[in-house]
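> I am sharing start-v7.txt, which consists of compact mmCIF, C-alpha atoms:
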```
# COMPACT_ATOMS: atom_id res chain seq x y z
CA MET O 25 -4.17 -27.21 31.10
CA ASN O 26 -5.80 -28.48 27.96
CA VAL O 27 -9.11 -30.30 27.59
CA LEU O 28 -7.43 -33.69 27.58
CA SER O 29 -5.77 -32.99 30.89
CA LYS O 30 -9.14 -32.06 32.36
CA ILE O 31 -10.54 -35.41 31.26
CA PHE O 32 -7.69 -37.75 32.11
CA CYS O 33 -5.53 -36.16 34.76
CA LYS O 34 -6.29 -36.38 38.44
CA LYS O 35 -3.56 -33.84 39.14
CA PRO O 36 -3.63 -31.70 36.01
CA ILE O 37 -0.83 -29.41 37.09
CA ARG O 38 1.70 -32.25 36.79
CA CYS O 39 -0.07 -34.14 34.09
CA GLU O 40 0.19 -33.53 30.37
CA VAL O 41 -1.67 -35.75 27.95
CA PRO O 42 0.26 -35.79 24.69
CA VAL O 43 -1.59 -35.74 21.41
CA ILE O 44 0.30 -37.32 18.56
CA ASN O 45 -1.87 -36.75 15.52
CA ILE O 46 -0.03 -39.42 13.52
CA MET O 47 -3.15 -41.27 12.55
CA GLN O 48 -5.27 -40.53 9.53
CA VAL O 49 -8.98 -40.81 10.14
CA ASP O 50 -11.43 -40.72 7.26
CA VAL O 51 -15.11 -39.95 7.51
CA THR O 52 -17.67 -41.76 5.41
CA PHE O 53 -21.19 -40.61 4.59
CA PRO O 54 -23.64 -42.53 2.43
CA TYR O 55 -22.85 -40.07 -0.34
CA ALA O 56 -19.24 -39.04 0.31
CA LYS O 57 -15.91 -39.99 1.81
CA ILE O 58 -13.62 -37.32 3.23
CA PHE O 59 -10.01 -38.04 4.15
CA ASP O 60 -7.95 -37.09 7.16
CA ILE O 61 -10.32 -34.99 9.20
CA HIS O 62 -9.68 -33.36 12.56
CA ARG O 63 -12.66 -31.04 12.86
CA GLY O 64 -16.13 -30.94 11.38
CA GLU O 65 -19.75 -29.88 11.65
CA ILE O 66 -22.68 -32.18 11.02
CA VAL O 67 -26.43 -31.68 10.99
CA LEU O 68 -28.47 -33.11 13.84
CA GLY O 69 -29.79 -36.61 13.12
CA GLN O 70 -27.17 -37.53 10.52
CA LYS O 71 -25.21 -40.78 10.73
CA PHE O 72 -21.62 -41.21 9.66
CA SER O 73 -18.66 -43.46 10.25
CA LEU O 74 -15.01 -42.89 11.04
CA LEU O 75 -12.28 -45.17 9.79
CA ALA O 76 -8.82 -45.07 11.37
CA ASN O 77 -5.87 -46.32 9.33
CA PHE O 78 -3.69 -47.24 12.27
CA GLU O 79 -2.91 -50.82 13.19
CA GLY O 80 -2.92 -51.98 16.77
CA GLU O 81 -5.37 -52.01 19.63
CA LYS O 82 -7.12 -48.76 20.25
CA LYS O 83 -9.86 -47.21 22.31
CA TRP O 84 -12.44 -44.70 21.12
CA PHE O 85 -13.77 -42.03 23.41
CA ALA O 86 -16.31 -39.22 22.98
CA ASP O 87 -16.72 -36.70 25.76
CA ASN O 88 -20.34 -35.66 25.15
CA ASP O 89 -22.80 -38.54 24.90
CA LYS O 90 -25.75 -36.17 24.46
CA VAL O 91 -24.24 -34.86 21.22
CA LEU O 92 -22.80 -37.98 19.59
CA ALA O 93 -23.74 -41.64 19.89
CA LEU O 94 -20.56 -43.63 19.35
CA ASP O 95 -20.38 -47.34 18.55
CA ALA O 96 -16.76 -48.31 17.88
CA GLU O 97 -14.97 -51.53 17.19
CA GLY O 98 -11.40 -51.83 15.98
CA ASN O 99 -10.61 -49.32 13.27
CA LYS O 100 -14.18 -48.28 12.65
CA ALA O 101 -16.70 -46.23 14.59
CA GLU O 102 -20.33 -45.63 13.73
CA LEU O 103 -21.69 -42.32 14.94
CA GLU O 104 -24.99 -40.50 15.03
CA ALA O 105 -25.51 -36.82 15.78
CA THR O 106 -28.08 -36.94 18.56
CA GLY O 107 -27.96 -33.46 20.08
CA ILE O 108 -26.83 -29.91 19.42
CA GLY O 109 -23.37 -29.22 20.80
CA THR O 110 -19.72 -30.17 20.47
CA SER O 111 -18.08 -33.50 21.16
CA LEU O 112 -14.40 -34.33 21.31
CA ILE O 113 -13.53 -37.76 19.94
CA LEU O 114 -10.28 -39.33 21.07
CA ILE O 115 -8.61 -42.41 19.67
CA MET O 116 -6.11 -43.80 22.15
CA THR O 117 -3.79 -46.67 22.79
CA PRO O 118 -4.69 -49.00 25.67
CA GLN O 119 -2.22 -46.92 27.72
CA LEU O 120 -4.35 -43.82 27.05
CA ARG O 121 -1.82 -42.32 24.71
CA VAL O 122 -3.89 -40.10 22.44
CA LEU O 123 -3.33 -40.90 18.79
CA LYS O 124 -5.95 -38.69 17.27
CA LYS O 125 -8.24 -35.90 18.38
CA ILE O 126 -11.34 -35.01 16.33
CA THR O 127 -13.81 -32.29 17.22
CA ILE O 128 -17.35 -32.70 15.91
CA LYS O 129 -19.92 -29.94 16.25
CA VAL O 130 -23.56 -30.89 15.77
CA VAL O 131 -25.65 -28.06 14.34
CA ASP O 132 -29.22 -27.42 13.23
CA ALA O 133 -28.19 -26.71 9.66
CA ILE O 134 -25.10 -26.07 7.58
CA ILE O 135 -25.34 -22.52 6.32
CA GLU O 136 -23.55 -22.07 3.03
CA PRO O 137 -21.64 -18.79 2.95
CA ALA O 138 -22.28 -16.04 0.45
CA LYS O 139 -19.97 -16.23 -2.55
CA GLU O 140 -21.08 -13.09 -4.39
CA LEU O 141 -22.85 -9.92 -3.37
CA GLY O 142 -25.07 -9.93 -6.45
CA VAL O 143 -24.99 -6.19 -7.09
CA THR O 144 -27.50 -4.71 -9.52
CA ALA O 145 -28.15 -1.14 -10.57
CA ASP O 146 -31.48 0.56 -11.18
CA ILE O 147 -31.91 3.07 -13.99
CA PRO O 148 -30.56 6.55 -13.18
CA VAL O 149 -32.96 9.00 -11.59
CA PRO O 150 -32.70 12.76 -11.17
CA LYS O 151 -30.60 13.80 -8.19
CA ASN O 152 -33.39 15.86 -6.73
CA GLU O 153 -35.89 12.96 -6.83
CA GLU O 154 -36.92 11.76 -3.42
CA ARG O 155 -34.91 8.68 -2.48
CA SER O 156 -37.47 5.96 -2.16
CA LEU O 157 -35.50 3.50 0.00
CA MET L 192 -17.96 -9.02 -11.07
CA PRO L 193 -17.42 -5.30 -11.69
CA LEU L 194 -20.55 -3.32 -12.42
CA ASP L 195 -19.89 -0.14 -14.36
CA ILE L 196 -22.68 2.41 -14.42
CA VAL L 197 -23.36 5.57 -16.39
CA SER L 198 -25.58 8.59 -15.83
CA THR L 199 -25.64 12.29 -16.47
CA THR L 200 -24.37 14.86 -14.00
CA GLU L 201 -28.01 15.57 -13.16
CA GLU L 202 -28.67 12.00 -12.06
CA MET L 203 -27.87 9.40 -9.43
CA VAL L 204 -28.09 5.59 -9.51
CA HIS L 205 -29.46 3.21 -6.91
CA LEU L 206 -27.42 0.04 -6.34
CA LYS L 207 -28.58 -2.95 -4.35
CA ILE L 208 -27.15 -6.29 -3.35
CA ALA L 209 -28.69 -9.76 -3.14
CA PRO L 210 -25.96 -12.09 -1.77
CA VAL L 211 -25.90 -15.63 -3.17
CA THR L 212 -23.99 -18.84 -2.48
CA SER L 213 -21.72 -20.54 -4.99
CA THR L 214 -24.78 -22.40 -6.27
CA GLY L 215 -26.86 -19.25 -6.61
CA LYS L 216 -29.02 -19.66 -3.52
CA PRO L 217 -29.78 -16.63 -1.32
CA ALA L 218 -27.21 -16.19 1.44
CA LEU L 219 -26.81 -14.21 4.62
CA LEU L 220 -24.08 -11.76 5.59
CA ASP L 221 -22.46 -11.16 8.95
CA GLY L 222 -23.38 -7.55 9.69
CA LEU L 223 -24.03 -4.74 7.26
CA PRO L 224 -22.06 -4.27 4.06
CA THR L 225 -19.70 -1.34 3.69
CA TRP L 226 -20.26 1.01 0.74
CA ALA L 227 -17.61 3.48 -0.37
CA ILE L 228 -16.40 5.77 -3.13
CA THR L 229 -12.74 4.82 -3.46
CA THR L 230 -11.72 7.36 -6.11
CA GLY L 231 -13.39 10.41 -7.58
CA GLY L 232 -15.83 13.02 -6.37
CA ALA L 233 -19.15 11.16 -6.49
CA THR L 234 -20.90 10.65 -3.18
CA ILE L 235 -22.76 7.71 -1.75
CA VAL L 236 -25.91 7.58 0.38
CA VAL L 237 -26.50 4.20 2.01
CA ASP L 238 -30.00 2.81 2.55
CA ALA L 239 -31.17 2.35 6.12
CA ASP L 240 -30.89 -1.45 5.88
CA GLY L 241 -27.44 -1.28 4.27
CA MET L 242 -28.47 -3.52 1.41
CA GLY L 243 -28.48 -0.71 -1.13
CA ALA L 244 -27.10 2.75 -1.78
CA PHE L 245 -27.42 5.70 -4.11
CA VAL L 246 -24.28 6.81 -5.89
CA VAL L 247 -24.67 10.49 -6.67
CA SER L 248 -22.79 12.09 -9.54
CA GLU L 249 -20.74 15.26 -9.33
CA ASP L 250 -22.08 18.42 -10.98
CA ILE L 251 -19.28 18.32 -13.53
CA GLY L 252 -18.51 15.37 -15.77
CA GLY L 253 -16.04 12.73 -14.69
CA SER L 254 -15.84 9.31 -13.15
CA SER L 255 -15.55 7.71 -9.72
CA THR L 256 -14.94 4.21 -8.44
CA TRP L 257 -17.43 2.68 -6.04
CA SER L 258 -17.13 -0.45 -3.93
CA VAL L 259 -19.15 -2.57 -1.54
CA SER L 260 -17.79 -5.24 0.78
CA ALA L 261 -19.23 -7.55 3.41
CA ASP L 262 -18.32 -10.39 5.75
CA ALA L 263 -19.60 -13.73 4.44
CA ASP L 264 -18.44 -15.69 7.48
CA LEU L 265 -21.40 -15.98 9.84
CA GLY L 266 -19.18 -17.18 12.68
CA ALA L 267 -16.32 -15.56 14.51
CA GLY L 268 -14.06 -15.47 11.48
CA VAL L 269 -14.00 -12.93 8.69
CA SER L 270 -14.33 -13.78 5.01
CA THR L 271 -14.67 -10.61 3.01
CA ILE L 272 -16.40 -10.60 -0.35
CA SER L 273 -16.58 -7.44 -2.37
CA ASP L 274 -17.71 -5.90 -5.60
CA GLY L 275 -17.45 -2.55 -7.30
CA GLY L 276 -17.09 -0.69 -10.54
CA VAL L 277 -16.68 2.62 -12.29
CA TYR L 278 -19.38 5.28 -12.21
CA SER L 279 -19.12 7.60 -15.22
CA TYR L 280 -21.17 10.75 -15.58
CA ALA L 281 -21.27 13.44 -18.26
CA SER L 282 -23.15 16.64 -18.87
CA PRO L 283 -26.62 15.89 -20.21
CA GLN L 284 -27.45 16.44 -23.85
CA ALA L 285 -29.69 19.39 -24.72
CA ALA L 286 -33.29 18.24 -24.70
CA ALA L 287 -34.78 21.42 -26.21
CA LEU L 288 -33.48 24.52 -28.01
CA GLY L 289 -35.24 26.90 -25.62
CA ILE L 290 -36.45 29.33 -28.25
CA THR L 291 -38.00 32.62 -27.05
CA ALA L 292 -39.19 35.71 -28.96
CA ASP L 293 -38.44 39.33 -28.09
CA ALA L 294 -40.98 42.12 -28.68
CA PRO L 295 -41.27 43.12 -32.36
CA VAL L 296 -39.14 46.07 -33.44
CA PRO L 297 -39.43 48.41 -36.51
CA LYS L 298 -37.57 47.42 -39.65
CA VAL L 299 -34.56 49.56 -40.36
CA ALA L 300 -35.45 52.15 -43.07
```
Can you turn what I pasted into structure tokens?


Amino acid sequence: MNVLSKIFCKKPIRCEVPVINIMQVDVTFPYAKIFDIHRGEIVLGQKFSLLANFEGEKKWFADNDKVLALDAEGNKAELEATGIGTSLILIMTPQLRVLKKITIKVVDAIIEPAKELGVTADIPVPKNEERSL
Amino acid sequence: MPLDIVSTTEEMVHLKIAPVTSTGKPALLDGLPTWAITTGGATIVVDADGMGAFVVSEDIGGSSTWSVSADADLGAGVSTISDGGVYSYASPQAAALGITADAPVPKVA
């Protein structure tokens, strides 16, 4: 049973909620636009918007209101990261057919990974010298 | 970037790491780095905090290859970054002639 079945199915054993990820959803920040996302991390307090390029009536759903504030209309949703945690955003047809699933994790800070180890060497010392470190 | 080092066979060299991001800012590692001698007879003695190590030359001249690797992914995944180089060591040059004098002896008649 997947997470969608837990949310939408009264009898999850017989119920499968299909996910069709046919829709492209782009995310827009004041300083950047990123295309076709399905998963992301954002710092607490940041605002962003999602734009779906799929015609037709649709419903937006986020499963964790403490983490993301969602204000959606038509193809566009405005969001704000309001709490630490993970929220699953679903974009669905009026018949609850899931068109797109996006997972957003709200974090304290984005930690950039190390790219280089930055190795340096001291000047050689005699082998019998006491190792200072 | 490979870091080749040179010493005499009477010496050792301390290496240390200071991980940085792609923009040169200090960065964290997931766990301790792994130091190793991959070829040759030099030995390696890792610092207690793992962020440095002494590479110790053999008593005869030669060369060894050293390496250090670490996990840059702070989450559940693994993203290994590594570095290394060649450690060359040769017998030291004479620093003094070591002259001594025996006791005087009679000239040959």

> Tell me which protein, DNA and RNA residues are within 10 Å of Asn77 of chain O, counting only C-alpha atoms, leaving out same-chain ones fewer than 6 positions away, and put them as a VMD selection string.

chain O and resid 46 to 50 60 99 to 100

> May I have the selected residues written with C-alpha atoms, as a tab-separated table (two decimals), in the frame of the given file?


```tsv
chain	number	residue	atom	x	y	z
O	46	ILE	CA	-0.03	-39.42	13.52
O	47	MET	CA	-3.15	-41.27	12.55
O	48	GLN	CA	-5.27	-40.53	9.53
O	49	VAL	CA	-8.98	-40.81	10.14
O	50	ASP	CA	-11.43	-40.72	7.26
O	60	ASP	CA	-7.95	-37.09	7.16
O	99	ASN	CA	-10.61	-49.32	13.27
O	100	LYS	CA	-14.18	-48.28	12.65
```

> Just need the residues of chain L within 9 Å of chain O, counting only C-alpha atoms, so spit them out as a ChimeraX atom specification.

/L:192-194,196-220,238-240,243-245,247-248,259-265,272-275

> Quick one, how far is atom CA of Glu249 of chain L from atom CA of Gly232 of chain L?

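Separating atom CA of Glu249 of chain L from atom CA of Gly232 of chain L is a distance of 6.2 Å.
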
> So that I can see what lies close to Ile115 of chain O, please list as a list of chain:residue names the residues with an atom at most 9 Å from it, counting all atoms listed in the file and leaving out residues fewer than 2 positions away in the same chain.

O:Ala76, O:Lys82, O:Lys83, O:Trp84, O:Phe85, O:Ala86, O:Ile113, O:Thr117, O:Leu120, O:Arg121, O:Val122, O:Leu123, O:Lys124, O:Lys125, O:Ile126

> Rounded to one decimal in Å, what is the spacing between atom CA of Asp95 of chain O and atom CA of Val51 of chain O?

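That distance, rounded to one decimal, is 14.3 Å.
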
> Got a sec: who's within 7 Å of Gly252 of chain L, counting only C-alpha atoms, leaving out chain neighbours fewer than 5 positions off, as a ChimeraX atom specification?

/L:200,280-282

> Let's have the selection written as a tab-separated table (two decimals), keeping the file's coordinate frame, with C-alpha atoms.


```tsv
chain	number	residue	atom	x	y	z
L	200	THR	CA	-24.37	14.86	-14.00
L	280	TYR	CA	-21.17	10.75	-15.58
L	281	ALA	CA	-21.27	13.44	-18.26
L	282	SER	CA	-23.15	16.64	-18.87
```

> Tell me which of L:Pro295, L:Gly268, L:Gly276, L:Pro283 sits closest to Ser255 of chain L, counting only C-alpha atoms.

L:Gly276

> Could you tell me how far atom CA of Pro54 of chain O sits from atom CA of Thr127 of chain O, in Å to one decimal place?

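Here the two named atoms are 20.5 Å from each other.
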
> For Thr230 of chain L, work out the shell of residues within 9 Å, counting only C-alpha atoms and skipping chain neighbours fewer than 5 positions away, then give it as an NGL selection string.

:L and (254-257)

> Do you know which residues are at most 12 Å from Asn88 of chain O counting only C-alpha atoms, after dropping those on the same chain fewer than 5 positions away, and could you put them as a PyMOL selection string?

chain O and resi 31+93-94+105-114+127-130
